[in-house]
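K.L.:
Below: one structure in structure tokens.
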Amino acid sequence: MSELRVRFAPSPTGYLHVGGARTALFNWLQARKEGGTFILRIEDTDVERSTKESVDAILEGMSWLGLEWDEGPFYQSASFPLYKEYVQKLLDAGKAYRCYCSAEELDAKRNLAMQEGRKPKYDGTCRDRSDLPEGQPCVVRFRAPRGGVTAFDDLIKGKITFPNEELDDLIIQRTDGTPTYNFCVVIDDATMRITTVIRGDDHVNNTPRQVQLYEALGFPVPQFAHVPMILGSDKARLSKRHGATSVIAYRDMGYLPEALTNYLVRLGWSSGDDEIFSRDEMIRKFDISGVGRSASVFNTEKLNWLNAHYIKSGDPQRLADLLLPHLSKRDVSTAGGPDMTLVVKTLQQRAQTLEEMADRALFFYVAPTSYDEAALAKYDKEKMLAVYDAAVAKFSAVSSIDEAGVEALLKEISLDLELKMGLVGQPVRIALSGSAQAPGLGEIIVALGLKETISRIQKARAFVAG
RNA sequence: GAUCCCAUCGUCUAGUGGUUAGGACACUGGCCUCUCACGCCGGUAACAGGGGUUCGAAUCCCCUUGGGAUCACCA
């Protein structure tokens with residue numbers, strides 16, 4: 001076991017977002033690669049917005065993606081006393097002070113500064129205040145260093161430096177006594193002995209403040225790796241209006257977890273010309289320092305391609321299990337119908353998602369009640385009837401059949417009636433599936449069975465005969 | 001507005017001073033074929049702009065432009 005300790009720290013105010021999922025994946029991969037520890041921490045210090053439903057949704061998303069954590073989930077809300085203790089430490093050391101400015105006053109000052117084009121930062125009114133009004137509501141602020149710079153070496157972005165002038169005295173404890181985010185992360189990351197903080201790059205601007213906090217508290221500063229954002233097709237931050245952003249939504253749309261993780265790992269990271277990565281390959285080849293510095297656009301087309309790849313190469317039995325809920329959703333019962341494994345096999349080359357596969361699988365379980373008229377119209381009525389009669393005769397004459405057998409029978413019909421294969425196969429396909437687009441006839445007939453095949457052809461014959 | 005970050009085909013990316021700038025998705029031409037797909041072969045398509053440094057820049061430096069993030073008693 002290496003010393004590497006990483007964490008994924010979502011705030012439970014919604015479902016697991018694909019961006020969050022990628023951050024979690026990168027953390028997980030780095031931990032697995034190094035033999036380190038992956039910790040899950042729920043940042044629920046905002047009691048107002050945090051919900052149990054969100055926690056469950058996040059855990060469900062993590063599990064579905066197979067990102068198992070080694071420690072946790074830990075809840076920040078359980079550590080309030082700990083934060084209080086450190087606030088007091090800072091207060092005692094003179095590294096923090098009480099501020100009696102009201103939220104209204106602060107808002108007014110901030111707006112004024114913005115209007116006048118100045119930096120909207122705290123003016124330090126209470127920084128050197130000597131009187132301590134008893135019983136007055138107050139917050140606690142960190143006494144930030146005034147001059148100089150604060151810098152850190154980001155594993156992804158390189159060295160980042162901030163002038164301390166830009167950083168004001170941030171609030172670490174609210175009027176109601178609860179701690180604020182930037183303070184909690186530092187305490188948690190330090191006490192959990194996190195060695196590498198891998199998170200979204202919307203946090204880079206928070207990092208110098210946190211570094212100052214680590215230093216004031218006497219904690220070792222961890223390494224940071226800020227992962228670029230995921231954007232929508234218009235290059236704006238990915239949001240619902242670009243489509244689904246919840247990983248569970250992707251599951252429900254029929255995506256495979258290995259396809260999503262494969263897609264996500266390639267967003268911002270690559271290994272030569274490779275596109276397909278098994279779990280093991282990902283773990284072996286991934287390295288957080290190899291992640292790119294720029295944001296990337298989420299592209300559903302490529303995700304579809306990967307999903308199709310994993311459907312094509314997936315185990316039919318497993319896919320059948322995963323397909324079942326999508327069929328149930330369509331009020332289709334597979335009981336008494338063809339073996340689902342056989343059905344899946346006919347569709348693996350033809351579906352990009354399980355939803356699409358379910359649509360295409362429908363006819364196996366529900367005999368067509370109507371036929372594609374436009375397709376039917378392309379064929380001569382008398383010839384079709386002859387094909388149907390011949391097919392019924394041929395299929396009735398055998399007791400069992402395989403794909404090659406179907407092929408042979410169709411050839412015979414083609415020769416007997418002196419019709420091209422296309423004129424034999426298509427009418428039969430329409431009879432069996434109702435549509436002009438379906439898997440190979442051999443596959444369909446083997447899955448359906450001779451009895452059902454003959455019955456469907458007879459039904460179609462009656463329909464065509466009028 | 002301030003600070004910070006970013007910049008190779010439409011998209012994801014390879015490239016780390018010398019390449020016909022490579023791969024993948026998408027698009028597209030053809031082959032295969034009982035349909036639709038799969039598969040196979042081929043094609044279109046990029047170094048944001050301008051200055052340097054260098055014998056030589058996609059690669060190093062500067063500026064411009066364009067994107068993004070953050071500036072809360074949210075996380």
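Here's how to read the names in the structure tokens: chain A, B, ... by the order shown, residue numbers from 1 in each chain, ligand numbers from 1 in the order shown.
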Could you give me, as a PyMOL selection string, the residues within 12 Å of region 36-39 of chain A, counting only C-alpha atoms (C1' of nucleotides) and dropping anything in the same chain fewer than 2 positions from it?

P.N.:
chain A and resi 1-10+24-34+41-42+67-75+188-189+192-198

K.L.:
How close does each residue of chain A get to chain B, giving the shortest atom pair and distance in Å to one decimal for every residue with an atom at most 6 Å away, counting only C-alpha atoms (C1' of nucleotides), sorted by chain and residue number, as a Markdown table?

P.N.:
```
| residue | atom | partner | partner_atom | distance |
| --- | --- | --- | --- | --- |
| A:Gly117 | CA | B:G1 | C1' | 5.1 |
| A:Lys119 | CA | B:A2 | C1' | 5.8 |
| A:Arg174 | CA | B:C73 | C1' | 4.7 |
| A:Asp202 | CA | B:A69 | C1' | 5.3 |
| A:Asn205 | CA | B:U70 | C1' | 5.6 |
| A:Gly272 | CA | B:A14 | C1' | 5.9 |
| A:Asp273 | CA | B:G23 | C1' | 5.1 |
| A:Ser294 | CA | B:C6 | C1' | 5.2 |
| A:Lys302 | CA | B:C25 | C1' | 4.7 |
| A:Gln349 | CA | B:C38 | C1' | 5.3 |
| A:Arg350 | CA | B:A37 | C1' | 4.9 |
| A:Met421 | CA | B:C34 | C1' | 5.5 |
| A:Gly422 | CA | B:C34 | C1' | 4.7 |
| A:Gly425 | CA | B:C34 | C1' | 4.2 |
| A:Gln426 | CA | B:C34 | C1' | 6.0 |
| A:Ala436 | CA | B:U35 | C1' | 5.5 |
| A:Gln437 | CA | B:C36 | C1' | 4.5 |
| A:Ala438 | CA | B:C36 | C1' | 5.8 |
```

K.L.:
Please provide the set of residues having any atom within 12 Å of Val211 (chain A), restricted to only C-alpha atoms (C1' of nucleotides), with same-chain residues fewer than 5 positions apart removed, written as number ranges by chain.

P.N.:
A: 144-145, 149-153, 160-162, 164, 167, 182-183, 185-187, 189-190, 197, 204-206, 216-224

K.L.:
Could you go through region 218-398 of chain A and tell me which residues DSSP, when run on the backbone, assigns to strand (DSSP E or B), listing them as a list in words?

P.N.:
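Residues meeting the strand (DSSP E or B) criterion: Gln223, Phe224, Ala225, His226, Val227, Ile230, Leu231, Arg237, Ser246, Ser296 and Val297 of chain A.
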
K.L.:
Could the residues in this selection be saved with C-alpha atoms as a compact mmCIF listing (two decimals), in the first residue's frame?

P.N.:
```txt
# COMPACT_ATOMS: atom_id res chain seq x y z
CA GLN A 223 -0.28 18.33 -3.94
CA PHE A 224 -2.99 19.72 -6.18
CA ALA A 225 -4.24 18.55 -9.55
CA HIS A 226 -6.95 20.70 -11.10
CA VAL A 227 -8.90 18.95 -13.79
CA ILE A 230 -16.33 19.62 -19.35
CA LEU A 231 -18.17 21.89 -21.76
CA ARG A 237 -20.09 24.79 -19.08
CA SER A 246 -26.58 12.74 -14.65
CA SER A 296 -13.09 19.63 -23.42
CA VAL A 297 -16.46 19.39 -25.11
```

K.L.:
Calculate how many Å separate CA of Val387 (chain A) from CA of Leu362 (chain A), rounding to one decimal.

P.N.:
25.0 Å

K.L.:
Fewer than 4 positions away in the same chain doesn't count, so skip those; otherwise give me all residues within 8 Å of region 57-60 of chain B, counting only C-alpha atoms (C1' of nucleotides), as a PyMOL selection string.

P.N.:
chain B and resi 8+15-17+21+47+53

K.L.:
Find the spatial neighbours of Ile248 (chain A), counting only C-alpha atoms (C1' of nucleotides), within a cut-off of 10 Å - ignore same-chain residues fewer than 5 positions away - and output them as a ChimeraX atom specification.

P.N.:
/A:15-18,57-58,60-62,64-65,253-255,257

K.L.:
Please compute the CA of Glu281 (chain A)-CA of Asn262 (chain A) distance, one decimal, in Å.

P.N.:
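The value is 10.5 Å.
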
K.L.:
B:G18, B:G10, B:G29, B:G51: which is nearest C63 (chain B), counting only C-alpha atoms (C1' of nucleotides)?

P.N.:
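Closest to C63 (chain B), using only C-alpha atoms (C1' of nucleotides): B:G51.
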
K.L.:
Smallest atom-to-atom distance to Phe463 (chain A): which of A:Ile413, A:Val446, A:Cys99, A:Met384, using only C-alpha atoms?

P.N.:
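Going through A:Ile413, A:Val446, A:Cys99, A:Met384 one by one, the smallest distance to Phe463 (chain A) is for A:Met384.
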
K.L.:
Would you please extract all alpha helix (DSSP H) residues from region 157-344 of chain A, as assigned by DSSP on the backbone, and give them as an NGL selection string?

P.N.:
:A and (181-191 or 207-217 or 247-252 or 257-265 or 279-285 or 300-313 or 316-328 or 340-344)

K.L.:
Need the shell around Asp44 (chain A): protein/DNA/RNA residues with any atom at most 6 Å away, counting only C-alpha atoms (C1' of nucleotides). Skip same-chain ones fewer than 4 positions apart. Format as a VMD selection string?

P.N.:
chain A and resid 11 50 76 to 77

K.L.:
Work out how far apart CA of Tyr86 (chain A) and CA of Cys138 (chain A) are and give it in Å to one decimal.

P.N.:
17.1 Å

K.L.:
With only C-alpha atoms (C1' of nucleotides) as the counted atoms, please give the residues lying no more than 8 Å from Ile457 (chain A), apart from itself and same-chain residues fewer than 4 positions off, as a VMD selection string.

P.N.:
chain A and resid 388 391 to 392 428 431 to 432 453 461

K.L.:
From the list A:Asp416, A:Glu382, A:Asp315, A:Asp331, which residue is nearest Asp359 (chain A) when using only C-alpha atoms?

P.N.:
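Once distances to Asp359 (chain A) are computed over only C-alpha atoms, the minimum belongs to A:Asp331.
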